[in-house]
Amino acid sequence: MRSRTAAVALAATITLAATAACAPAQSGGSAAADDVQDGTLRVWLFSEVTQDPKEQVVDEAVAEFEADHEGVEVEVEYIPVDARSERFTGAFNDPSSAPDVAEIGNTDLAGFVDAGGLMDVTDAIADWDEGADIDPAVLATTEIDGASYAVPWYIGVRALYYRTDVFDELGLQPPASLAELEETARTVRAARPELVGIATGGAAQFAFLPYIWAHGGEIARQDADGAWTGTLDSAEAREGVAAYARLLGDDICPAQTCAEWGGNASVQEFVAGNAAMTIGGDFNRRAVDESAVGDRYAVVPLPGVEEGSIAPAFGGGNHLAVLSSTERRTLATEFVQLLAGKRYQQAMFDAMGNIPVFTDVQADVAEQVPAIAPFVETLAAGTAFVPVTPAWSTVDAQGVLPTMVQTVATGAADVEMATADATAALDAAFGAQ
Amino acid sequence: MTATHAALPAAGGATLPAAGGAPRPPRPLLSRRGRGTTTWARRWEPRFYLVPAVVVLGGLLAYPLYQLVVVSLYDYRQANVSGSAPLRFIGLQNYARLLGDEAFWTVLGNTVVFAGACVVATLAVGGALALLATRLRPWSRTVLFLASLGAWATPAMTGSAVWLFLFDPTLGFVNQTLTAIGLDGFAGHSWTYDKWSAFALVGAEIVWCSFPFVMVTLYAGIIGVPTEIQEAARLDGASTWRIALSIVAPILRPVLAIVTIQSIIWDFKVFTQIYVMTGGGGIAGQNLVLNVYSYQQAFAASQYGLGSAVGVITTLLLMVVTLAYLRALRRQGEEL
C-alpha cells in the first residue's frame, strides 16, 4: 500500500508540474509576407440548394480572371453553409489549408476578424472605382473599428408574403401596421382553421428581430469604450417580444407546432399552402414561385408600428473576404473586385435573384423585375443589424434569442423574466470576450 | 468465481458445491515472493510486461485527458487558438462560471434523470428479451436476433431521423395511425413540444438502439450458466423463481455489471439522438443534456476552455458513478 500511495503522489506531482509547464496549442501569427503573382488562387463559396446558376456565373468570372492573368489558375470549392464554422476554424488554425478568398455570412464577420482570419480591405474598397456606390448601410456591416474586412456581395432582406386568394376570399387588405397584421392573421385563422394566420416560428430570429426594432428596442447597445450591454429588457424591446409572442398563440400560429420553427420551416409551411402569410426573404422567392401557391401570392414590406411605416429589416447578406494568411494578396483582392463588381452582381441577380449591394444596380434591377420592389423598398426604409462583436457567434450558438421567444410563447416564463434572462445571457457572452 | 461457490449453499442445500465446475489450481501465495535473492526481479518482471499496454493506453487515453484538463484551465477561444490573442491561464474560473450557472444544474439534473431512466429501460427490455430468447425455438430466436441486430447496426443519425419521421406531427405514421383508429386528439400532435414527451421519445429511440447489446450479452451469460447446477437445485426442490434469483442471477452478476456500466456511460454521454431529434436541445433548450450543452455552449461558440471544463466534469461524474457501482457490487461479495 505504501508504494501505491507513493506512486499516486508521484503521478499527481508530475501532472501538476506538467500542467504548470505546458499550455494548450496555439498556432503562430498567420499573416503572410509574400505577395505571389501567379499560381493557384483558392476560393471558397457556399453551396446552394440550387447550385447550377451560381456555378455558371462564377465559372464565367473565373474564365475572365484567368484570361486576364497569365499563369493564374482559380480553384473554386463549394462548402456547405452548415459546416462553415468547422471549415473556417480549421482554415484559421492551419493557414496552409486555407483559401485565399472566401464567401462569408455577414454575422460571422466579427468573429472571424477577432480570430485574426481576415485581411483589412479598406484601401481596396477606397481605391476601387465601383466602391463608392456600395450601399453605406451594407458597407457598415463589413466594418470593425472603422476598417473594412470584406466586400459586400449580395443582400438578403425579408418582407411579408401573403396569399392573394385567401385575402380576396375574406375581403382582407395587406396589413399596414403590426397591430393590423396580428388582427388579419387572427381573422384568417378564425375563418380558415386549417391555415395558420402567419407562419412564423420561435426560432425564426430574423423574422422576430424587426418586431424589436419596430417598437424602438435594440438587442444591445455599445458604449464609448466599445463595450456592449444587452438591452432586451428595455420597455421597447419587451413590447416587441410580447407582440411577436402573441403571433405564436392558438388563434394565429399555435405554439405546439410553431414554437420549433426556424425561418426555413416557416417559409416551407407557406410553400406547402398551410399559411396565409409568412415573413420570407428575397432569396425564398424562387421556391415560392415554383410551388403550388406560386401564382397566388404577393409581397409587401413588413409594416412597422405606425400605420403605413416599414419595420426595419435585418440586413442579412454575404460578403467576399480575403484571408489574412493568403500569399497572393493582390490577386485575391482583384478577384474579389471582379466577382463582387457591378457586372457580376447583376449576373448573380439574373441567375439567383440575389439583391445587389450597389444602390444604382439595386434601382436597375427593381425596375427590371417588379417582384423584388417590396424588398428594395424595405432596404430603402433602412435596415438594422445584430451587434458587430465576436461575441455574437457565441450568442448565436447558444440560441439566446430563440430561447427567449420560445419560453414566452410556450408560457414557461413571462416577457419580463424571459427578456431579463436573455439580457443576462447576452451580457455574459459580451463579458467573456 | 469464488463468490459464486460461496453463494450457492444458500440456494439449494449443502450438497451443491460438489456439483460445481472443475477444481481450480491453487493461487500462488503472496508469501512466496519474500524468499530468495531474486525478489526484485520477481516483483518487477510482471510489471515490465505491462509496459506496452501502459504506453498505448497512456497515448490514447491519458494524454487526451490530460490535454482536456489543461485546456479547461485556460481562456481558450478561437482567437487564442489561431494566435491573434494571447493565452491566459485562468485557473478554475471556467469551473466557477459553470457551477455558478443555474442552467448548468438544470442540464445536469436532466442528464441524470434521463440517463437513469434510459439505463433502467434498456436493461429491462434487454433482460426480458434475453430470457425470452432462451425459451424460443432456434429459428424464431434467429429472427429476434436479426431484427435487433438491425436496430443495433443502424447509425444513430439515421435511427434518430427515421424515428422523427415516424413521429412527425402531420405526416408521421404514428399520428396518422392514432388518428385513423379514432384518437382525433393526435392529429397534428407534436411529440417534441412537451419537455418530458420529447425526452420520452428520444429515450425510446435510445432504448431501441441499445437494448440489443444488453440482450445478446445477457443471453450469452444465461446460456453459460451450467445446467448441472440448475438441475441439482431442481432436484433439491428449488422453484424456477428461486433458481433464477439465487443461482442464475449471482452467476450473471459480472455480466450484468458490465452491461450496466456500459449503459450508464453510453446514456450519460448521449449526443446524436438529442441533437437530431430535438433540433439541438429542444424548445428553449428544455431537452439539453450535458454533452449537447457542452457542444452548444462551448464548442459551437468556440469557447474551448469552457467546453473542456464540462468535459472534465462529465468524466469525473462518470468515474464516480462507475466506482460507486463497482463498490456496491463488491460489498455484495462479488469480485470482478
# chains A, B, ... in the order shown; residues from 1 in each chain; ligands from 1

call {"tool": "closest_atom_pairs", "arguments": {"of": "region 86-191 of chain B", "to": "region 264-275 of chain B", "cutoff": "8 Å", "atoms": "only C-alpha atoms", "output": "tab-separated table"}}
result
residue	atom	partner	partner_atom	distance
B:Thr111	CA	B:Phe268	CA	6.6
B:Val112	CA	B:Phe268	CA	7.2
B:Ala115	CA	B:Asp267	CA	4.9
B:Gly116	CA	B:Ile264	CA	7.3
B:Cys118	CA	B:Asp267	CA	6.6
B:Val119	CA	B:Ile264	CA	6.0
B:Ala156	CA	B:Thr272	CA	6.4
B:Met157	CA	B:Thr272	CA	6.3
B:Ser160	CA	B:Gln273	CA	5.6

call {"tool": "residues_around", "arguments": {"residues": "Ser291 (chain A)", "least_positions_apart": "3", "cutoff": "9 Å", "atoms": "only C-alpha atoms", "output": "PyMOL selection string"}}
result
chain A and resi 271-273+286-288+294-295

call {"tool": "write_last_selection", "arguments": {"atoms": "C-alpha atoms", "output": "short mmCIF file (atom, residue, chain, number, x, y, z; two decimals), in the first residue's frame"}}
result
data_model
loop_
_atom_site.label_atom_id
_atom_site.label_comp_id
_atom_site.auth_asym_id
_atom_site.auth_seq_id
_atom_site.Cartn_x
_atom_site.Cartn_y
_atom_site.Cartn_z
CA VAL A 271 -44.93 26.99 -49.74
CA ALA A 272 -46.95 23.93 -48.72
CA GLY A 273 -50.10 26.08 -48.67
CA ARG A 286 -37.89 31.22 -56.38
CA ALA A 287 -39.03 28.43 -54.09
CA VAL A 288 -42.42 30.11 -53.63
CA GLY A 294 -46.71 30.32 -56.86
CA ASP A 295 -49.46 32.18 -58.74
#

call {"tool": "closest_atom_pairs", "arguments": {"of": "chain A", "to": "chain B", "cutoff": "9 Å", "atoms": "only C-alpha atoms", "output": "JSON lines"}}
result
{"residue": "A:Thr15", "atom": "CA", "partner": "B:Tyr66", "partner_atom": "CA", "distance": 8.1}
{"residue": "A:Thr19", "atom": "CA", "partner": "B:Val70", "partner_atom": "CA", "distance": 6.1}
{"residue": "A:Ala20", "atom": "CA", "partner": "B:Val70", "partner_atom": "CA", "distance": 8.8}
{"residue": "A:Cys22", "atom": "CA", "partner": "B:Val70", "partner_atom": "CA", "distance": 7.9}
{"residue": "A:Ala23", "atom": "CA", "partner": "B:Val70", "partner_atom": "CA", "distance": 6.8}
{"residue": "A:Pro24", "atom": "CA", "partner": "B:Val71", "partner_atom": "CA", "distance": 5.8}
{"residue": "A:Ala25", "atom": "CA", "partner": "B:Val81", "partner_atom": "CA", "distance": 6.9}
{"residue": "A:Gln26", "atom": "CA", "partner": "B:Val81", "partner_atom": "CA", "distance": 4.8}
{"residue": "A:Ser27", "atom": "CA", "partner": "B:Ser82", "partner_atom": "CA", "distance": 5.1}
{"residue": "A:Gly28", "atom": "CA", "partner": "B:Gly83", "partner_atom": "CA", "distance": 5.3}
{"residue": "A:Gly29", "atom": "CA", "partner": "B:Gly83", "partner_atom": "CA", "distance": 5.5}
{"residue": "A:Ser30", "atom": "CA", "partner": "B:Gly83", "partner_atom": "CA", "distance": 7.6}
{"residue": "A:Ser85", "atom": "CA", "partner": "B:Ala300", "partner_atom": "CA", "distance": 7.9}
{"residue": "A:Glu86", "atom": "CA", "partner": "B:Ala300", "partner_atom": "CA", "distance": 8.8}
{"residue": "A:Thr89", "atom": "CA", "partner": "B:Gln78", "partner_atom": "CA", "distance": 7.4}
{"residue": "A:Phe92", "atom": "CA", "partner": "B:Ser82", "partner_atom": "CA", "distance": 5.9}
{"residue": "A:Asn93", "atom": "CA", "partner": "B:Ser82", "partner_atom": "CA", "distance": 5.0}
{"residue": "A:Asp94", "atom": "CA", "partner": "B:Ser82", "partner_atom": "CA", "distance": 8.3}
{"residue": "A:Gly111", "atom": "CA", "partner": "B:Ala79", "partner_atom": "CA", "distance": 8.4}
{"residue": "A:Phe112", "atom": "CA", "partner": "B:Ala79", "partner_atom": "CA", "distance": 8.5}
{"residue": "A:Val113", "atom": "CA", "partner": "B:Ala79", "partner_atom": "CA", "distance": 8.8}
{"residue": "A:Asp114", "atom": "CA", "partner": "B:Ala79", "partner_atom": "CA", "distance": 5.9}
{"residue": "A:Ala115", "atom": "CA", "partner": "B:Ala79", "partner_atom": "CA", "distance": 3.9}
{"residue": "A:Gly116", "atom": "CA", "partner": "B:Ser84", "partner_atom": "CA", "distance": 5.4}
{"residue": "A:Gly117", "atom": "CA", "partner": "B:Ser82", "partner_atom": "CA", "distance": 8.2}
{"residue": "A:Gly202", "atom": "CA", "partner": "B:Ile283", "partner_atom": "CA", "distance": 8.2}
{"residue": "A:Ala203", "atom": "CA", "partner": "B:Ile283", "partner_atom": "CA", "distance": 8.7}
{"residue": "A:Ala255", "atom": "CA", "partner": "B:Tyr193", "partner_atom": "CA", "distance": 8.4}
{"residue": "A:Gln256", "atom": "CA", "partner": "B:Tyr193", "partner_atom": "CA", "distance": 5.9}
{"residue": "A:Thr257", "atom": "CA", "partner": "B:Ser190", "partner_atom": "CA", "distance": 6.4}
{"residue": "A:Ala259", "atom": "CA", "partner": "B:Ile283", "partner_atom": "CA", "distance": 7.0}
{"residue": "A:Glu260", "atom": "CA", "partner": "B:Ile283", "partner_atom": "CA", "distance": 6.1}
{"residue": "A:Ala391", "atom": "CA", "partner": "B:Ala301", "partner_atom": "CA", "distance": 8.5}
{"residue": "A:Trp392", "atom": "CA", "partner": "B:Ala301", "partner_atom": "CA", "distance": 9.0}
{"residue": "A:Ser393", "atom": "CA", "partner": "B:Ala301", "partner_atom": "CA", "distance": 6.0}
{"residue": "A:Thr394", "atom": "CA", "partner": "B:Ala301", "partner_atom": "CA", "distance": 4.3}
{"residue": "A:Val395", "atom": "CA", "partner": "B:Ala301", "partner_atom": "CA", "distance": 7.6}
{"residue": "A:Asp396", "atom": "CA", "partner": "B:Ala301", "partner_atom": "CA", "distance": 7.8}
{"residue": "A:Ala397", "atom": "CA", "partner": "B:Ala301", "partner_atom": "CA", "distance": 5.3}
{"residue": "A:Gln398", "atom": "CA", "partner": "B:Gln297", "partner_atom": "CA", "distance": 5.4}
{"residue": "A:Gly399", "atom": "CA", "partner": "B:Ala284", "partner_atom": "CA", "distance": 8.2}
{"residue": "A:Val400", "atom": "CA", "partner": "B:Ala284", "partner_atom": "CA", "distance": 8.6}
{"residue": "A:Pro402", "atom": "CA", "partner": "B:Ala284", "partner_atom": "CA", "distance": 6.7}
{"residue": "A:Thr403", "atom": "CA", "partner": "B:Ala284", "partner_atom": "CA", "distance": 3.9}
{"residue": "A:Met404", "atom": "CA", "partner": "B:Ala284", "partner_atom": "CA", "distance": 7.0}
{"residue": "A:Val405", "atom": "CA", "partner": "B:Ala284", "partner_atom": "CA", "distance": 7.9}
{"residue": "A:Gln406", "atom": "CA", "partner": "B:Ala284", "partner_atom": "CA", "distance": 5.3}
{"residue": "A:Thr407", "atom": "CA", "partner": "B:Ala284", "partner_atom": "CA", "distance": 5.8}
{"residue": "A:Thr410", "atom": "CA", "partner": "B:Ile283", "partner_atom": "CA", "distance": 8.7}
{"residue": "A:Gln433", "atom": "CA", "partner": "B:Arg77", "partner_atom": "CA", "distance": 8.8}

call {"tool": "residues_around", "arguments": {"residues": "Val151 (chain A)", "least_positions_apart": "6", "cutoff": "7 Å", "atoms": "only C-alpha atoms", "output": "list of chain:residue names"}}
result
A:His319, A:Leu320, A:Ala321

call {"tool": "atom_distance", "arguments": {"atom1": "CA of Val320 (chain B)", "atom2": "CA of Leu98 (chain B)"}}
result
19.1 Å

call {"tool": "select_by_dssp", "arguments": {"residues": "region 184-328 of chain A", "states": "helix (DSSP H, G or I)", "output": "NGL selection string"}}
result
:A and (184-191 or 205-214 or 235-247 or 255-258 or 263-271 or 282-289)

call {"tool": "write_last_selection", "arguments": {"atoms": "N, CA and C atoms", "output": "compact mmCIF listing (two decimals), in the first residue's frame"}}
result
# COMPACT_ATOMS: atom_id res chain seq x y z
N THR A 184 -55.33 40.65 -38.76
CA THR A 184 -55.58 39.96 -40.02
C THR A 184 -55.31 38.46 -39.87
N ALA A 185 -54.18 38.14 -39.23
CA ALA A 185 -53.81 36.74 -39.05
C ALA A 185 -54.88 36.01 -38.24
N ARG A 186 -55.40 36.70 -37.23
CA ARG A 186 -56.43 36.10 -36.37
C ARG A 186 -57.71 35.86 -37.16
N THR A 187 -58.05 36.85 -37.99
CA THR A 187 -59.26 36.72 -38.80
C THR A 187 -59.17 35.51 -39.73
N VAL A 188 -58.00 35.37 -40.37
CA VAL A 188 -57.82 34.25 -41.30
C VAL A 188 -57.99 32.92 -40.58
N ARG A 189 -57.33 32.80 -39.43
CA ARG A 189 -57.38 31.50 -38.73
C ARG A 189 -58.79 31.19 -38.25
N ALA A 190 -59.54 32.24 -37.86
CA ALA A 190 -60.91 32.01 -37.41
C ALA A 190 -61.77 31.51 -38.56
N ALA A 191 -61.54 32.08 -39.76
CA ALA A 191 -62.37 31.72 -40.91
C ALA A 191 -61.89 30.45 -41.59
N GLN A 205 -35.34 33.84 -35.92
CA GLN A 205 -34.95 35.09 -35.27
C GLN A 205 -34.92 36.30 -36.20
N PHE A 206 -34.73 36.07 -37.50
CA PHE A 206 -34.69 37.22 -38.39
C PHE A 206 -36.10 37.71 -38.76
N ALA A 207 -37.10 36.89 -38.49
CA ALA A 207 -38.47 37.36 -38.62
C ALA A 207 -38.88 38.09 -37.34
N PHE A 208 -38.24 37.72 -36.25
CA PHE A 208 -38.61 38.26 -34.95
C PHE A 208 -37.92 39.61 -34.65
N LEU A 209 -36.64 39.73 -35.11
CA LEU A 209 -35.89 40.95 -34.80
C LEU A 209 -36.60 42.24 -35.26
N PRO A 210 -37.22 42.28 -36.47
CA PRO A 210 -37.92 43.50 -36.85
C PRO A 210 -38.96 43.95 -35.83
N TYR A 211 -39.55 43.01 -35.09
CA TYR A 211 -40.52 43.38 -34.06
C TYR A 211 -39.86 44.20 -32.97
N ILE A 212 -38.65 43.79 -32.56
CA ILE A 212 -37.91 44.54 -31.55
C ILE A 212 -37.60 45.94 -32.08
N TRP A 213 -37.05 45.99 -33.29
CA TRP A 213 -36.61 47.27 -33.85
C TRP A 213 -37.79 48.18 -34.14
N ALA A 214 -38.89 47.61 -34.64
CA ALA A 214 -40.05 48.44 -34.97
C ALA A 214 -40.63 49.10 -33.72
N ALA A 235 -38.14 48.63 -22.06
CA ALA A 235 -39.60 48.60 -22.23
C ALA A 235 -39.96 48.40 -23.70
N GLU A 236 -39.20 49.06 -24.61
CA GLU A 236 -39.50 48.97 -26.05
C GLU A 236 -39.29 47.54 -26.55
N ALA A 237 -38.14 46.96 -26.20
CA ALA A 237 -37.85 45.60 -26.66
C ALA A 237 -38.89 44.63 -26.11
N ARG A 238 -39.30 44.84 -24.86
CA ARG A 238 -40.30 43.95 -24.26
C ARG A 238 -41.62 44.01 -25.00
N GLU A 239 -41.98 45.23 -25.44
CA GLU A 239 -43.20 45.35 -26.23
C GLU A 239 -43.10 44.52 -27.50
N GLY A 240 -41.92 44.59 -28.13
CA GLY A 240 -41.70 43.83 -29.36
C GLY A 240 -41.79 42.34 -29.13
N VAL A 241 -41.16 41.87 -28.05
CA VAL A 241 -41.20 40.44 -27.74
C VAL A 241 -42.64 40.00 -27.49
N ALA A 242 -43.36 40.81 -26.73
CA ALA A 242 -44.74 40.45 -26.41
C ALA A 242 -45.59 40.38 -27.67
N ALA A 243 -45.40 41.37 -28.57
CA ALA A 243 -46.19 41.40 -29.80
C ALA A 243 -45.89 40.18 -30.66
N TYR A 244 -44.61 39.82 -30.74
CA TYR A 244 -44.24 38.66 -31.57
C TYR A 244 -44.76 37.37 -30.95
N ALA A 245 -44.66 37.28 -29.63
CA ALA A 245 -45.10 36.05 -28.95
C ALA A 245 -46.60 35.85 -29.12
N ARG A 246 -47.35 36.96 -29.26
CA ARG A 246 -48.80 36.82 -29.46
C ARG A 246 -49.12 36.11 -30.77
N LEU A 247 -48.18 36.21 -31.74
CA LEU A 247 -48.41 35.50 -33.01
C LEU A 247 -48.36 34.00 -32.81
N ALA A 255 -48.39 27.50 -30.66
CA ALA A 255 -47.03 27.23 -30.20
C ALA A 255 -46.68 25.75 -30.31
N GLN A 256 -47.67 24.89 -30.07
CA GLN A 256 -47.47 23.44 -30.22
C GLN A 256 -46.67 23.08 -31.47
N THR A 257 -47.05 23.71 -32.59
CA THR A 257 -46.35 23.41 -33.84
C THR A 257 -45.33 24.50 -34.18
N CYS A 258 -45.70 25.76 -33.92
CA CYS A 258 -44.89 26.86 -34.46
C CYS A 258 -43.64 27.17 -33.62
N GLY A 263 -36.68 30.01 -39.63
CA GLY A 263 -37.09 30.76 -40.80
C GLY A 263 -37.45 29.87 -41.99
N ASN A 264 -36.62 28.86 -42.27
CA ASN A 264 -36.89 28.00 -43.41
C ASN A 264 -38.17 27.20 -43.24
N ALA A 265 -38.36 26.65 -42.03
CA ALA A 265 -39.55 25.84 -41.78
C ALA A 265 -40.80 26.70 -41.98
N SER A 266 -40.75 27.97 -41.55
CA SER A 266 -41.89 28.86 -41.70
C SER A 266 -42.23 29.04 -43.17
N VAL A 267 -41.20 29.30 -43.97
CA VAL A 267 -41.44 29.51 -45.40
C VAL A 267 -41.95 28.20 -46.03
N GLN A 268 -41.41 27.06 -45.58
CA GLN A 268 -41.87 25.77 -46.09
C GLN A 268 -43.38 25.62 -45.89
N GLU A 269 -43.89 26.04 -44.74
CA GLU A 269 -45.32 25.93 -44.46
C GLU A 269 -46.12 26.79 -45.43
N PHE A 270 -45.58 27.97 -45.74
CA PHE A 270 -46.26 28.85 -46.70
C PHE A 270 -46.25 28.21 -48.07
N VAL A 271 -45.08 27.66 -48.44
CA VAL A 271 -44.93 26.99 -49.74
C VAL A 271 -45.88 25.80 -49.84
N ASP A 282 -35.98 37.64 -49.91
CA ASP A 282 -35.96 37.71 -51.37
C ASP A 282 -35.41 36.41 -51.94
N PHE A 283 -34.52 35.76 -51.17
CA PHE A 283 -33.92 34.50 -51.60
C PHE A 283 -34.91 33.33 -51.56
N ASN A 284 -36.10 33.53 -50.96
CA ASN A 284 -37.11 32.48 -50.95
C ASN A 284 -38.07 32.57 -52.13
N ARG A 285 -37.94 33.67 -52.89
CA ARG A 285 -38.91 33.98 -53.93
C ARG A 285 -39.01 32.83 -54.95
N ARG A 286 -37.87 32.28 -55.37
CA ARG A 286 -37.89 31.22 -56.38
C ARG A 286 -38.66 30.01 -55.88
N ALA A 287 -38.38 29.61 -54.65
CA ALA A 287 -39.03 28.43 -54.09
C ALA A 287 -40.54 28.63 -54.06
N VAL A 288 -40.99 29.85 -53.69
CA VAL A 288 -42.42 30.11 -53.63
C VAL A 288 -43.01 30.13 -55.04
N ASP A 289 -42.28 30.74 -55.98
CA ASP A 289 -42.75 30.78 -57.36
C ASP A 289 -43.00 29.40 -57.92

call {"tool": "residues_around", "arguments": {"residues": "Ile251 (chain B)", "least_positions_apart": "2", "cutoff": "9 Å", "atoms": "only C-alpha atoms", "output": "list in words"}}
result
Met1, Thr4, Gly221, Ile222, Val225, Ser246, Ile247, Val248, Ala249, Arg253, Pro254 and Val255 of chain B

call {"tool": "write_last_selection", "arguments": {"atoms": "C-alpha atoms", "output": "PDB file, in the first residue's frame"}}
result
ATOM      1  CA  MET B   1     -15.890 -17.063  -9.375  1.00  0.00           C
ATOM      2  CA  THR B   4     -20.402 -17.905  -6.725  1.00  0.00           C
ATOM      3  CA  GLY B 221     -24.422 -15.180 -19.922  1.00  0.00           C
ATOM      4  CA  ILE B 222     -27.639 -17.118 -19.349  1.00  0.00           C
ATOM      5  CA  VAL B 225     -24.915 -20.959 -16.615  1.00  0.00           C
ATOM      6  CA  SER B 246     -30.373 -17.484  -6.280  1.00  0.00           C
ATOM      7  CA  ILE B 247     -28.416 -19.280  -8.992  1.00  0.00           C
ATOM      8  CA  VAL B 248     -28.709 -17.587 -12.376  1.00  0.00           C
ATOM      9  CA  ALA B 249     -28.643 -14.028 -11.069  1.00  0.00           C
ATOM     10  CA  ARG B 253     -23.787 -10.596 -11.898  1.00  0.00           C
ATOM     11  CA  PRO B 254     -20.415  -9.849 -13.540  1.00  0.00           C
ATOM     12  CA  VAL B 255     -22.056  -9.728 -16.980  1.00  0.00           C
TER      13      VAL B 255
END

call {"tool": "closest_residue", "arguments": {"among": "A:Val57, A:Ala67, A:Leu338, A:Val415", "to": "Asp350 (chain A)", "atoms": "only C-alpha atoms"}}
result
A:Val57

call {"tool": "atom_distance", "arguments": {"atom1": "CA of Ala132 (chain A)", "atom2": "CA of Phe335 (chain A)"}}
result
18.1 Å

call {"tool": "select_by_dssp", "arguments": {"residues": "region 243-378 of chain A", "states": "strand (DSSP E or B)", "output": "PDB file with C-alpha atoms, in the first residue's frame"}}
result
ATOM      1  CA  ALA A 275     -50.308  29.523 -44.110  1.00  0.00           C
ATOM      2  CA  MET A 277     -48.768  34.837 -44.511  1.00  0.00           C
ATOM      3  CA  THR A 278     -45.115  34.417 -43.705  1.00  0.00           C
ATOM      4  CA  ILE A 279     -42.017  36.565 -43.284  1.00  0.00           C
ATOM      5  CA  GLY A 280     -39.687  35.428 -46.031  1.00  0.00           C
ATOM      6  CA  GLY A 281     -36.579  36.662 -47.797  1.00  0.00           C
ATOM      7  CA  TYR A 297     -49.187  35.269 -53.594  1.00  0.00           C
ATOM      8  CA  ALA A 298     -47.853  38.799 -53.298  1.00  0.00           C
ATOM      9  CA  VAL A 299     -45.207  40.519 -51.188  1.00  0.00           C
ATOM     10  CA  VAL A 300     -45.293  43.783 -49.243  1.00  0.00           C
ATOM     11  CA  PRO A 303     -45.177  47.032 -41.710  1.00  0.00           C
ATOM     12  CA  ILE A 310     -41.995  49.822 -42.623  1.00  0.00           C
ATOM     13  CA  ALA A 313     -35.498  44.556 -41.584  1.00  0.00           C
ATOM     14  CA  PHE A 314     -32.478  42.526 -40.660  1.00  0.00           C
ATOM     15  CA  GLY A 316     -28.657  39.939 -43.985  1.00  0.00           C
ATOM     16  CA  GLY A 317     -26.253  39.067 -46.743  1.00  0.00           C
ATOM     17  CA  ASN A 318     -22.923  37.636 -47.695  1.00  0.00           C
ATOM     18  CA  HIS A 319     -19.519  39.167 -48.290  1.00  0.00           C
ATOM     19  CA  LEU A 320     -16.380  38.169 -50.131  1.00  0.00           C
ATOM     20  CA  ALA A 321     -13.313  38.324 -47.929  1.00  0.00           C
ATOM     21  CA  VAL A 322      -9.570  37.904 -48.405  1.00  0.00           C
ATOM     22  CA  LEU A 323      -7.985  35.664 -45.788  1.00  0.00           C
ATOM     23  CA  ILE A 355     -30.162  41.599 -54.400  1.00  0.00           C
ATOM     24  CA  PHE A 358     -24.774  48.831 -55.198  1.00  0.00           C
TER      25      PHE A 358
END

call {"tool": "closest_residue", "arguments": {"among": "A:Val121, A:Ala380, A:Val196, A:Val157", "to": "Asn354 (chain A)", "atoms": "only C-alpha atoms"}}
result
A:Val157

call {"tool": "atom_distance", "arguments": {"atom1": "CA of Asp123 (chain A)", "atom2": "CA of Glu77 (chain A)"}}
result
26.9 Å

call {"tool": "residues_around", "arguments": {"residues": "Thr240 (chain B)", "least_positions_apart": "5", "cutoff": "12 Å", "atoms": "only C-alpha atoms", "output": "number ranges by chain"}}
result
B: 11-12, 230-231, 233-235, 245-248

call {"tool": "residues_around", "arguments": {"residues": "region 143-145 of chain A", "least_positions_apart": "2", "cutoff": "10 Å", "atoms": "only C-alpha atoms", "output": "JSON, numbers by chain"}}
result
{"A": [109, 110, 113, 114, 120, 121, 122, 138, 139, 140, 141, 147, 148, 149, 150, 151, 226, 388, 389]}

call {"tool": "write_last_selection", "arguments": {"atoms": "C-alpha atoms", "output": "CSV table (one decimal), in the first residue's frame"}}
result
chain,number,residue,atom,x,y,z
A,109,LEU,CA,-17.5,38.6,-39.9
A,110,ALA,CA,-16.7,40.0,-36.4
A,113,VAL,CA,-11.8,39.1,-37.6
A,114,ASP,CA,-11.3,38.5,-33.9
A,120,ASP,CA,-8.2,44.6,-44.0
A,121,VAL,CA,-9.5,45.6,-47.4
A,122,THR,CA,-10.4,49.3,-46.6
A,138,VAL,CA,-24.4,47.4,-46.1
A,139,LEU,CA,-20.8,48.6,-46.1
A,140,ALA,CA,-21.2,49.3,-42.4
A,141,THR,CA,-21.7,45.5,-41.8
A,147,ALA,CA,-11.8,49.3,-41.1
A,148,SER,CA,-13.5,47.1,-43.7
A,149,TYR,CA,-12.7,43.4,-43.7
A,150,ALA,CA,-14.8,42.3,-46.6
A,151,VAL,CA,-16.5,43.4,-49.8
A,226,GLY,CA,-16.7,49.8,-27.4
A,388,VAL,CA,-20.9,43.6,-34.6
A,389,THR,CA,-18.9,41.8,-32.0
